[in-house]
Structure formats: C-alpha cells, structure tokens
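Visitor: Handing over upload.txt, compact mmCIF, C-alpha atoms.
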```txt
# COMPACT_ATOMS: atom_id res chain seq x y z
CA MET A 1 71.28 79.32 205.62
CA PHE A 2 68.99 76.57 204.36
CA SER A 3 67.55 76.30 200.92
CA ASP A 4 63.79 76.54 200.61
CA GLU A 5 63.55 72.86 199.83
CA THR A 6 65.41 71.90 203.01
CA LYS A 7 63.22 74.26 205.01
CA ASP A 8 60.11 72.61 203.66
CA LYS A 9 61.46 69.19 204.55
CA ILE A 10 62.36 70.28 208.09
CA ASN A 11 58.93 71.83 208.59
CA ALA A 12 57.23 68.68 207.33
CA ALA A 13 59.35 66.58 209.71
CA VAL A 14 58.38 68.86 212.61
CA GLY A 15 54.72 68.45 211.66
CA VAL A 16 55.02 64.68 211.60
CA GLY A 17 56.84 64.74 214.93
CA LYS A 18 54.07 66.82 216.43
CA THR A 19 51.41 64.40 215.25
CA VAL A 20 53.37 61.49 216.65
CA ALA A 21 53.71 63.31 219.97
CA VAL A 22 49.99 64.17 220.18
CA TYR A 23 48.91 60.56 219.71
CA GLY A 24 51.92 58.80 221.15
CA TRP A 25 52.90 60.64 224.31
CA ILE A 26 50.29 59.22 226.70
CA PRO A 27 50.64 55.63 225.38
CA PHE A 28 54.40 56.04 225.67
CA ILE A 29 54.21 57.00 229.35
CA LEU A 30 51.72 54.23 230.05
CA TYR A 31 53.98 51.74 228.33
CA VAL A 32 57.10 52.90 230.17
CA GLY A 33 55.31 52.91 233.50
CA TYR A 34 53.59 49.60 232.88
CA SER A 35 56.72 47.79 231.79
CA ARG A 36 58.92 49.12 234.58
CA SER A 37 56.63 49.01 237.59
CA SER A 38 56.84 46.09 239.88
CA PRO A 39 54.51 44.33 240.41
CA GLN A 40 52.94 44.88 237.04
CA PRO A 41 49.39 46.21 237.38
CA SER A 42 46.57 44.74 235.34
CA LEU A 43 45.70 46.64 232.19
CA ILE A 44 42.13 47.43 233.20
CA LYS A 45 43.36 49.22 236.32
CA LEU A 46 45.61 51.32 234.14
CA ILE A 47 42.75 52.84 232.17
CA SER A 48 39.50 52.65 234.11
CA PRO A 49 38.79 55.13 236.90
CA LEU A 50 36.62 52.66 238.79
CA ALA A 51 38.56 49.40 238.79
CA MET B 1 92.67 70.54 238.19
CA ASP B 2 94.75 70.98 235.07
CA GLU B 3 97.93 70.45 237.07
CA LYS B 4 96.61 67.19 238.43
CA VAL B 5 96.00 65.81 234.96
CA VAL B 6 99.49 66.76 233.86
CA SER B 7 101.24 65.27 236.85
CA ALA B 8 99.20 62.11 236.51
CA SER B 9 100.17 61.62 232.87
CA THR B 10 103.90 62.47 233.08
CA PRO B 11 105.28 59.81 235.43
CA SER B 12 104.52 56.99 233.04
CA PRO B 13 105.83 53.63 234.23
CA ALA B 14 107.75 52.74 231.08
CA PRO B 15 109.11 55.65 229.02
CA SER B 16 107.67 55.19 225.57
CA ALA B 17 108.77 56.66 222.29
CA PHE B 18 106.34 59.51 222.86
CA THR B 19 107.84 60.61 226.17
CA PRO B 20 110.12 63.32 224.75
CA TYR B 21 107.25 64.76 222.76
CA LEU B 22 104.96 64.73 225.76
CA ASP B 23 107.64 66.41 227.85
CA ALA B 24 108.11 69.05 225.19
CA LEU B 25 104.35 69.61 224.99
CA HIS B 26 104.21 69.83 228.74
CA SER B 27 106.97 72.40 228.94
CA ILE B 28 105.33 74.47 226.25
CA HIS B 29 101.84 74.64 227.65
CA ARG B 30 102.80 74.76 231.32
CA PRO B 31 103.80 78.44 231.43
CA ILE B 32 100.48 79.34 229.84
CA THR B 33 97.99 77.07 231.56
CA ASN B 34 99.52 77.05 235.02
CA PRO B 35 98.92 80.74 235.79
CA ILE B 36 95.39 80.46 234.45
CA ALA B 37 94.62 77.39 236.54
CA ASN B 38 96.22 79.02 239.56
CA THR B 39 94.28 82.22 239.15
CA TYR B 40 91.05 80.30 238.69
CA SER B 41 91.57 78.19 241.80
CA ARG B 42 92.55 81.26 243.80
CA PHE B 43 89.46 83.04 242.51
CA GLU B 44 87.31 80.09 243.56
CA LYS B 45 88.95 80.03 247.01
CA TRP B 46 88.45 83.75 247.32
CA LYS B 47 84.77 83.23 246.52
CA GLU B 48 84.55 80.43 249.08
CA GLY B 49 85.83 82.85 251.71
CA PHE B 50 82.64 84.89 251.47
CA GLY B 51 80.50 81.99 252.62
CA LEU B 52 78.37 82.07 249.51
CA TYR B 53 75.49 79.69 249.05
CA GLN B 54 73.56 78.06 246.23
CA PRO B 55 70.75 80.56 245.70
CA GLY B 56 68.27 78.29 243.96
CA THR B 57 66.92 78.83 240.50
CA VAL B 58 65.36 82.01 239.17
CA GLU B 59 62.15 80.12 238.53
CA ASN B 60 61.96 79.20 242.21
CA LEU B 61 62.74 82.72 243.39
CA THR B 62 59.24 83.18 244.74
CA ARG B 63 58.39 79.52 245.25
CA GLU B 64 57.80 79.78 248.98
CA ILE B 65 55.35 82.60 248.57
CA LYS B 66 53.51 80.79 245.77
CA GLN B 67 53.14 77.79 248.06
CA THR B 68 51.79 80.03 250.82
CA HIS B 69 49.41 82.10 248.78
CA LEU B 70 46.00 80.95 247.72
CA THR B 71 46.18 82.19 244.12
CA ASN B 72 47.59 79.03 242.61
CA PHE B 73 45.35 76.66 244.56
CA LEU B 74 41.91 78.22 244.43
CA PHE B 75 39.43 76.73 241.99
CA ASP B 76 35.87 77.37 240.98
CA GLY B 77 32.97 74.93 240.86
CA ALA B 78 33.20 71.26 241.72
CA ARG B 79 35.92 68.83 240.96
CA ALA B 80 37.06 65.33 241.71
CA ASP B 81 40.52 63.86 241.38
CA LEU B 82 40.89 60.10 241.37
CA THR B 83 44.51 59.16 241.68
CA LYS B 84 45.65 55.60 241.31
CA GLY B 85 49.13 54.64 242.40
CA LEU B 86 50.35 51.69 240.38
CA SER B 87 53.92 51.50 241.59
CA LEU B 88 56.03 53.17 244.25
CA SER B 89 59.55 52.86 242.94
CA PRO B 90 59.74 53.85 240.19
CA ALA B 91 56.73 56.03 240.87
CA PHE B 92 53.91 55.51 238.44
CA GLN B 93 50.41 56.82 238.84
CA VAL B 94 47.42 57.75 236.75
CA THR B 95 44.88 60.45 237.55
CA HIS B 96 41.36 61.00 236.33
CA SER B 97 40.10 64.46 237.12
CA PHE B 98 36.64 65.80 236.52
CA SER B 99 35.60 69.38 236.87
CA LEU B 100 32.18 70.94 236.40
CA ALA B 101 29.91 73.78 237.44
CA SER B 102 32.62 76.35 237.08
CA ALA B 103 31.47 79.85 236.21
CA THR B 104 34.39 80.50 233.93
CA GLN B 105 35.26 77.16 232.36
CA PRO B 106 33.21 74.46 230.65
CA PRO B 107 33.02 71.02 232.28
CA SER B 108 36.13 69.03 231.58
CA TYR B 109 37.70 65.66 232.00
CA ASN B 110 41.43 65.15 232.15
CA PHE B 111 43.46 61.98 232.19
CA GLY B 112 47.00 62.20 233.47
CA ALA B 113 49.88 59.80 233.83
CA VAL B 114 53.14 60.33 235.71
CA PHE B 115 56.20 58.20 235.69
CA ALA B 116 59.27 59.14 237.74
CA ASP B 117 62.46 57.43 238.68
CA ASN B 118 65.64 58.96 240.03
CA ASN B 119 66.73 60.79 236.92
CA THR B 120 63.70 60.94 234.71
CA LEU B 121 60.26 62.40 235.05
CA LEU B 122 57.64 61.83 232.39
CA GLN B 123 54.25 63.40 232.73
CA GLY B 124 51.40 63.59 230.32
CA GLY B 125 47.80 64.68 230.30
CA VAL B 126 45.00 64.60 227.80
CA ASP B 127 41.63 66.27 228.12
CA HIS B 128 38.31 65.53 226.49
CA THR B 129 39.01 67.90 223.60
CA GLY B 130 42.10 65.90 222.74
CA SER B 131 44.76 68.44 223.58
CA VAL B 132 47.81 66.92 225.16
CA THR B 133 50.17 68.39 227.72
CA ALA B 134 53.57 66.82 228.04
CA ARG B 135 56.43 67.33 230.42
CA ALA B 136 59.72 65.52 230.63
CA ASN B 137 62.67 66.20 232.91
CA GLN B 138 65.99 64.48 232.70
CA SER B 139 68.74 65.15 235.21
CA TRP B 140 72.32 64.54 234.16
CA GLY B 141 73.79 64.39 237.63
CA ALA B 142 73.36 66.55 240.68
CA ASN B 143 73.80 69.89 238.93
CA ASP B 144 72.31 69.69 235.47
CA THR B 145 68.71 69.17 234.48
CA THR B 146 67.11 69.43 231.09
CA LYS B 147 63.38 70.01 230.95
CA MET B 148 60.87 69.89 228.17
CA GLN B 149 57.30 71.11 228.32
CA ALA B 150 54.79 71.06 225.55
CA GLN B 151 51.16 71.75 224.89
CA LEU B 152 49.98 70.06 221.75
CA SER B 153 46.59 70.23 220.15
CA GLY B 154 45.11 69.24 216.85
CA GLN B 155 44.35 72.79 215.76
CA PRO B 156 47.27 74.67 214.27
CA GLY B 157 48.59 77.64 216.20
CA HIS B 158 47.69 76.33 219.63
CA SER B 159 50.79 74.28 220.28
CA MET B 160 53.65 75.35 222.45
CA ILE B 161 56.94 73.74 223.27
CA GLN B 162 59.50 74.91 225.76
CA ILE B 163 62.93 73.44 226.24
CA GLU B 164 65.15 74.54 229.07
CA HIS B 165 68.34 73.60 230.78
CA ASP B 166 69.21 74.30 234.40
CA HIS B 167 72.75 74.36 235.64
CA ALA B 168 73.42 74.76 239.34
CA GLY B 169 76.94 75.81 240.22
CA PRO B 170 78.23 76.00 243.78
CA HIS B 171 77.22 79.66 244.09
CA TYR B 172 75.01 80.34 241.12
CA SER B 173 72.19 79.00 238.99
CA LEU B 174 72.05 79.39 235.26
CA ASN B 175 68.98 78.71 233.19
CA LEU B 176 68.67 78.71 229.42
CA ARG B 177 65.22 78.43 227.96
CA THR B 178 63.66 78.58 224.56
CA ILE B 179 59.98 78.68 223.68
CA ASN B 180 58.73 77.58 220.27
CA PRO B 181 62.12 77.52 218.60
CA SER B 182 62.10 77.11 214.87
CA PRO B 183 64.91 74.89 213.60
CA THR B 184 65.05 76.63 210.22
CA ASP B 185 65.53 80.29 211.11
CA LEU B 186 66.09 80.21 214.91
CA THR B 187 63.08 82.38 215.66
CA GLY B 188 61.20 82.01 218.91
CA ILE B 189 61.42 83.35 222.42
CA HIS B 190 64.66 82.71 224.22
CA MET B 191 65.52 83.40 227.83
CA VAL B 192 68.73 83.48 229.80
CA SER B 193 68.72 83.87 233.54
CA LEU B 194 71.41 83.85 236.14
CA LEU B 195 71.22 84.13 239.89
CA HIS B 196 74.50 84.49 241.74
CA SER B 197 75.04 84.71 245.45
CA VAL B 198 77.15 87.72 246.38
CA SER B 199 77.16 87.46 250.16
CA PRO B 200 75.99 84.85 252.67
CA ARG B 201 72.57 86.46 252.60
CA LEU B 202 72.17 88.21 249.29
CA ALA B 203 71.85 86.86 245.78
CA LEU B 204 71.58 89.03 242.69
CA GLY B 205 70.57 88.02 239.22
CA PHE B 206 69.09 88.97 235.92
CA GLU B 207 66.75 87.47 233.39
CA THR B 208 67.00 88.46 229.75
CA LEU B 209 64.16 87.81 227.38
CA ILE B 210 65.05 87.70 223.70
CA GLN B 211 62.00 87.94 221.50
CA HIS B 212 62.73 86.89 217.96
CA PRO B 213 59.35 86.36 216.31
CA GLN B 214 60.60 86.97 212.77
CA PRO B 215 64.10 86.82 211.34
CA GLN B 216 64.20 90.63 211.03
CA ILE B 217 62.87 91.44 214.50
CA LEU B 218 64.96 90.99 217.60
CA GLU B 219 63.95 92.57 220.87
CA THR B 220 65.54 92.05 224.24
CA SER B 221 64.37 93.06 227.65
CA THR B 222 66.06 92.42 230.96
CA SER B 223 64.66 92.11 234.46
CA TYR B 224 66.80 92.36 237.54
CA LEU B 225 66.35 90.15 240.56
CA ALA B 226 67.48 90.24 244.16
CA LYS B 227 66.91 87.78 246.96
CA LEU B 228 67.75 88.47 250.57
CA THR B 229 67.46 85.69 253.11
CA SER B 230 67.76 85.55 256.85
CA LEU B 231 71.11 84.35 258.11
CA PRO B 232 71.64 80.63 257.63
CA ALA B 233 70.63 78.67 260.67
CA PRO B 234 73.47 78.19 263.18
CA GLY B 235 73.25 74.45 262.72
CA SER B 236 74.12 74.56 259.05
CA ALA B 237 77.71 75.66 259.27
CA VAL B 238 78.30 74.88 255.61
CA PRO B 239 76.03 77.20 253.70
CA VAL B 240 78.11 76.69 250.57
CA SER B 241 77.23 73.12 249.85
CA SER B 242 73.67 73.03 251.10
CA PRO B 243 71.45 72.44 248.10
CA THR B 244 68.62 74.67 249.17
CA SER B 245 69.24 78.14 250.43
CA LEU B 246 67.50 77.54 253.71
CA GLY B 247 66.75 74.54 255.82
CA LEU B 248 63.11 75.45 256.04
CA ASN B 249 62.63 73.47 259.21
CA SER B 250 64.34 76.05 261.30
CA LEU B 251 62.23 78.79 262.76
CA ASN B 252 61.94 82.43 261.87
CA GLN B 253 63.44 82.00 258.46
CA TRP B 254 62.54 84.72 256.09
CA ILE B 255 63.10 85.43 252.43
CA ALA B 256 62.67 88.77 250.72
CA THR B 257 62.80 89.11 246.96
CA LEU B 258 62.69 92.04 244.59
CA GLN B 259 62.16 91.92 240.85
CA LEU B 260 62.50 94.93 238.60
CA GLN B 261 60.90 94.20 235.26
CA PRO B 262 60.90 96.38 232.19
CA GLN B 263 57.81 98.53 231.56
CA GLY B 264 57.97 99.70 235.14
CA ILE B 265 56.77 96.63 237.00
CA ILE B 266 58.21 96.10 240.44
CA GLN B 267 57.36 92.99 242.40
CA SER B 268 58.55 92.50 245.92
CA THR B 269 57.73 89.62 248.19
CA TYR B 270 58.39 88.78 251.79
CA TYR B 271 57.98 85.31 253.22
CA GLN B 272 58.37 84.27 256.82
CA LYS B 273 57.98 81.01 258.65
CA LEU B 274 56.39 81.94 261.93
CA SER B 275 56.24 78.48 263.44
CA PRO B 276 56.72 74.98 262.06
CA SER B 277 53.14 74.97 260.84
CA VAL B 278 52.46 78.62 260.00
CA ASP B 279 53.82 80.44 256.95
CA VAL B 280 53.06 84.05 256.09
CA GLY B 281 53.69 85.73 252.79
CA LEU B 282 53.33 89.33 251.62
CA ASP B 283 53.45 90.31 247.98
CA LEU B 284 53.54 93.86 246.65
CA GLN B 285 53.22 94.56 242.95
CA ILE B 286 53.74 98.06 241.66
CA LEU B 287 53.02 99.08 238.10
CA ASN B 288 54.37 102.49 237.22
CA THR B 289 54.48 103.34 233.53
CA PRO B 290 55.26 106.89 232.54
CA ALA B 291 52.99 108.71 230.11
CA SER B 292 54.02 108.03 226.55
CA PRO B 293 52.63 108.41 223.02
CA MET B 294 51.14 104.94 223.48
CA GLY B 295 48.81 106.14 226.20
CA PRO B 296 48.59 107.84 229.57
CA GLY B 297 50.80 106.75 232.38
CA LYS B 298 49.60 104.22 234.89
CA ARG B 299 50.26 103.90 238.57
CA GLU B 300 48.82 100.91 240.32
CA ALA B 301 49.80 98.79 243.25
CA THR B 302 48.41 95.63 244.76
CA ALA B 303 49.40 94.17 248.08
CA THR B 304 48.47 90.61 248.96
CA LEU B 305 48.81 89.09 252.39
CA GLY B 306 48.39 85.37 252.80
CA ALA B 307 48.93 82.76 255.45
CA LYS B 308 49.11 79.00 255.41
CA TYR B 309 48.41 76.80 258.43
CA GLU B 310 49.34 73.17 258.32
CA PHE B 311 47.57 70.90 260.74
CA ARG B 312 48.05 67.20 261.11
CA MET B 313 45.27 66.26 258.70
CA ALA B 314 44.45 69.58 257.11
CA THR B 315 45.90 72.59 255.37
CA PHE B 316 44.28 76.00 255.56
CA ARG B 317 45.15 78.97 253.37
CA GLY B 318 43.73 82.43 253.85
CA GLN B 319 44.41 85.53 251.85
CA VAL B 320 43.38 89.18 251.71
CA ASP B 321 44.49 91.79 249.22
CA SER B 322 44.24 95.52 248.72
CA GLN B 323 41.75 95.13 245.85
CA GLY B 324 39.16 94.02 248.36
CA LYS B 325 39.40 90.28 247.78
CA VAL B 326 39.18 87.86 250.67
CA GLY B 327 39.65 84.17 250.11
CA MET B 328 40.26 80.88 251.84
CA LEU B 329 40.84 77.24 251.00
CA LEU B 330 40.64 74.30 253.36
CA GLU B 331 42.01 70.92 252.45
CA GLN B 332 40.83 68.37 254.97
CA ARG B 333 42.17 64.87 254.83
CA PHE B 334 39.77 62.42 256.49
CA THR B 335 41.88 59.37 255.81
CA PRO B 336 45.22 59.25 254.02
CA ALA B 337 43.37 58.26 250.87
CA PHE B 338 40.50 60.72 250.98
CA ALA B 339 40.67 64.50 251.10
CA PHE B 340 37.94 67.09 250.91
CA LEU B 341 38.54 70.61 249.64
CA VAL B 342 36.42 73.69 250.09
CA GLY B 343 37.41 77.19 249.11
CA GLY B 344 35.99 80.51 248.14
CA GLU B 345 36.75 84.08 247.40
CA ILE B 346 34.71 87.28 247.74
CA ASP B 347 35.58 90.39 245.78
CA HIS B 348 34.13 93.20 247.86
CA LEU B 349 34.78 95.97 245.35
CA LYS B 350 33.22 94.22 242.36
CA GLY B 351 30.62 92.40 244.39
CA THR B 352 31.44 89.01 242.92
CA SER B 353 32.33 85.77 244.58
CA LYS B 354 33.23 82.24 243.73
CA ILE B 355 33.19 78.99 245.60
CA GLY B 356 34.79 75.65 244.93
CA MET B 357 34.40 72.18 246.35
CA GLY B 358 36.35 69.10 245.56
CA VAL B 359 37.31 65.61 246.57
CA MET B 360 40.61 63.83 246.09
CA ILE B 361 40.62 60.08 246.27
CA GLU B 362 43.78 58.08 246.10
CA SER B 363 43.82 54.36 245.65
CA SER B 364 46.49 51.82 245.06
CA SER B 365 46.36 48.86 242.76
CA MET B 366 48.59 46.88 245.07
CA THR B 367 47.53 44.60 247.86
CA PRO B 368 48.85 45.48 251.34
CA GLU B 369 51.33 42.59 251.15
CA GLU B 370 52.71 43.83 247.86
CA MET B 371 53.06 47.35 249.22
CA GLN B 372 54.88 46.09 252.26
CA ALA B 373 57.19 44.01 250.14
CA GLN B 374 57.93 46.96 247.92
CA ALA B 375 58.54 49.28 250.86
CA GLN B 376 60.95 46.72 252.27
CA ALA B 377 62.74 46.33 248.98
CA ALA B 378 63.03 50.09 248.67
CA GLY B 379 64.39 50.33 252.21
CA MET B 380 66.98 47.62 251.68
CA ALA B 381 68.24 48.77 248.33
CA PRO B 382 67.65 52.48 248.00
CA MET B 383 67.96 53.08 244.29
```
Please render this file's structure as structure tokens.

Guide:
Amino acid sequence: MFSDETKDKINAAVGVGKTVAVYGWIPFILYVGYSRSSPQPSLIKLISPLA
Amino acid sequence: MDEKVVSASTPSPAPSAFTPYLDALHSIHRPITNPIANTYSRFEKWKEGFGLYQPGTVENLTREIKQTHLTNFLFDGARADLTKGLSLSPAFQVTHSFSLASATQPPSYNFGAVFADNNTLLQGGVDHTGSVTARANQSWGANDTTKMQAQLSGQPGHSMIQIEHDHAGPHYSLNLRTINPSPTDLTGIHMVSLLHSVSPRLALGFETLIQHPQPQILETSTSYLAKLTSLPAPGSAVPVSSPTSLGLNSLNQWIATLQLQPQGIIQSTYYQKLSPSVDVGLDLQILNTPASPMGPGKREATATLGAKYEFRMATFRGQVDSQGKVGMLLEQRFTPAFAFLVGGEIDHLKGTSKIGMGVMIESSSMTPEEMQAQAQAAGMAPM
C-alpha cells in the first residue's frame, strides 16, 4: 500500500525515533519529575546514589 | 441514551428556521433508532439482573497467585536497592540498584526513575550496558488505559515495543495489544483478549494471539480462560460496580482460574486467603501434547504450593513444588527505610541450590518539615 520510497522514509523515521528514545527517555522522566515535584530537589540528589 | 439526546434537542426555546427540518429528521430516524436503543437498554438491564461483576483484566487473572508465590520474587546472589523519594505528590523517585555474585547473571548496575501522577505513569531504567527500558501508562478516565512498554538497546534486533489498550466495561474487560508493530506492512504480534462475567461468580474469556511475522504469514491461536470466585462478601451488596472482583480484606475469599492454551497446556490455579495475613496459592500446570510428526508426545505436570505470611515488619514466602524444589524468601523491615532480604531455593532432584541476600534502603530528599507540609497539602486538597 506504500511505495518503496515511502517505506524507506518511514523506516528511517522509526530508526531516528528509536535513537531519540534510547538517549532521551531517562532525561525526559528526570526533567518531568524535577520540574513538577514540589519542593524541587537539588540536582545532585537527583543523580548521585550517596547524596 | 439516544432518546434523551433527542428530547433534549427538540424543545428548543425559540423555533428557528431549522425546526421543521429537525422535526422531519426526528420522525424519520425515530422508528429506527428507538427500538435499537430500547433493546440495548433492556439487554443491559437484563444483564444487570444477573448480578454480574467487573472481572478484572486478563493480564491480572492470576495476579493474586503471582503475589503469593515465590517465583517472581526470588533472586540469586547479592543486591542492593537504594531508592530516593524526591516528591510525594506527584510521586517521583529514583532508584540505584546493584547486583553481583549471581551464578547466572553478570554483575549489573541499574538506574531507574519513576514519575506518577493521577493519570500518567512514566518509568524508565538504564543499565550499565546502556539498554533502556521504558514504560508509560496513560489513563483516559476510570475505564480506559493505554500502556506502552519498550526495551531499547543500541544493538539492532534487541529492541521490543509493546502498545496496549485496556477497556473495562461494567461486566467485562477488553484488552488490545500489539508487539513490535511495523507501520509499513502491519506485521508484528497482535493480541485480543476479553474476559466477561457470566454469573455472579464465574467469568469466561478468551485470548487470541495473531502472529504476523511476514506479510504472507498469518497464524492465530486462541486460549480460553475461566475464573471462578467465592461469593462476593455479604457486605458488598453491589458486586456490579465494585472495581475489583473481591474486597480482599474479607476472609476466606478464594479464586480459582483455568487456562486452556493451544499445544495442550492447561494451567489451573487456586488462591485462598486463610486469614488477614496468610495467603495460600496452588498452581497446577499440565503439558499434554499428542505424538505428532514433529516428535513424540509429552505428558508432564508440575504442581506448586506456596504461602505468604505478612507480619507487621516482615513478609515471608515459602514454596514447594512437585519437581523437588523448596524455597523461601524473608523480607525483614528493620525500620521503615531499611529492609533486609534473604532467600534461597534447593532443588532436591538436580542437587542444586541458590541463595540470595539483599538490602533495600529508602531515603527522602525532603526535610521532615517539608514532608509534613506536603502531607498536609495532600490531605487538604486531594488531587
């Protein structure tokens, strides 16, 4: 139902989306959680296991 | 419902130029829609009369027994989980977990983050090899939830994504799920499952698996499910609207389930709450494949009996099965923020054993005053 060219484009877009998700998912959650929690925690506490 | 809409729209305060047309439209569609709406509402009322209940999702069919049994909780080697709560509402916490000295798995480190508010759950984890697990749930009201789960890694061929939608009707649960769908040719693994309550105690359902790995290949297989519960507690006179099938606080509640899967697999479970702190679960799996050109027939069965004891500061799980395995897991909480886990399993037939020890430490980034203020705010304005 798609031409080969369209298929290639869709597959490339899926690949890009996957790469974005691999590197962006954790920072995205940390950003959402950090910006919405009240009171805002300090950044070092967000990352370090010991602080 | 249709009738209501019609009657609400017809008595318009000032008759407009469209009124005759609307009346005509009304008189045309009324003889058709009215009987349908009537039949539907009578059918719904007729169903109400049976005292049906919301049976819970197919995925949660054996949830109670999974919570009771040791299988999903036992681990091997040593591990430490450091959980840090950063906010209570919305919930936001990060977890660092370390695991080592396992006989089967290499040492690993995993960082996890969870964010949850009333409608959304976002969860992510990344381990030291860089593979990411992601989970997101979004609920669109009381009855509909869309879930996404993914496992993403740098290497090709190791990624998985699963998208599903849960719909809970008054007497049934419907779940649509797709694993690794391809947007170009719709290949992937798709699943449809439905569980419908047919009497106040019995729910029947099916789960169809559609395997579509290549555009030319399409295979379906269907499992059948049944769930029988003890009578609803006398206190809950409205079994129809209660969200869970059983108020699990009440005593002597039991749940029996049966699953008939293709290829001759039968799984039956029985769960009973013996007292407020003791749960017992029995699981029987039977594999019975007839002899075929693919190989000789197989007849195997495994029975697993497990019990869970909940004490004030500890949880104990013990389990024994017909393959000669005996196992236990103790989770002892010394303070609310510190828990110690010890568990092990001995396989008497194979002569192997494994043991696991772990600690779980929870800390909060907030000062006691901040926590108190937040608890107060949450109590005053429940979001």

Visitor: Pick out the chain A residues within 9 Å of chain B. Count all atoms listed in the file. Give them as a VMD selection string.

Guide: chain A and resid 1 to 2 6 to 7 10 to 11 14 18 to 19 21 to 23 25 to 26 29 to 30 32 to 34 36 to 42 45 to 51

Visitor: Any idea what the distance is between CA of Gly17 (chain A) and CA of Asn180 (chain B)?

Guide: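 For CA of Gly17 (chain A) relative to CA of Asn180 (chain B), the distance reads 14.0 Å.
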
Visitor: Which residue out of B:Val326, B:Ile32, B:Leu287, B:Leu25 has the minimum interatomic distance to Glu300 (chain B) when only C-alpha atoms are used?

Guide: B:Leu287

Visitor: Could you tell me how far CA of Lys147 (chain B) sits from CA of His212 (chain B), in Å to one decimal place?

Guide: 21.3 Å

Visitor: Any idea what the distance is between CA of Phe206 (chain B) and CA of Leu260 (chain B)?

Guide: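 So the answer is 9.3 Å.
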
Visitor: Set the distance at 7 Å and use only C-alpha atoms: which residues neighbour region 283-286 of chain B once local chain neighbours fewer than 5 positions away are removed? I'd like the list as an MDAnalysis selection string.

Guide: chainID B and resid 265:270 300:305

Visitor: Those selected residues, please, written with C-alpha atoms and delivered as an mmCIF file, in the frame of the given file.

Guide:
```cif
data_model
loop_
_atom_site.group_PDB
_atom_site.id
_atom_site.type_symbol
_atom_site.label_atom_id
_atom_site.label_comp_id
_atom_site.auth_asym_id
_atom_site.auth_seq_id
_atom_site.Cartn_x
_atom_site.Cartn_y
_atom_site.Cartn_z
ATOM 1 C CA ILE B 265 56.770 96.630 237.000
ATOM 2 C CA ILE B 266 58.210 96.100 240.440
ATOM 3 C CA GLN B 267 57.360 92.990 242.400
ATOM 4 C CA SER B 268 58.550 92.500 245.920
ATOM 5 C CA THR B 269 57.730 89.620 248.190
ATOM 6 C CA TYR B 270 58.390 88.780 251.790
ATOM 7 C CA GLU B 300 48.820 100.910 240.320
ATOM 8 C CA ALA B 301 49.800 98.790 243.250
ATOM 9 C CA THR B 302 48.410 95.630 244.760
ATOM 10 C CA ALA B 303 49.400 94.170 248.080
ATOM 11 C CA THR B 304 48.470 90.610 248.960
ATOM 12 C CA LEU B 305 48.810 89.090 252.390
#
```
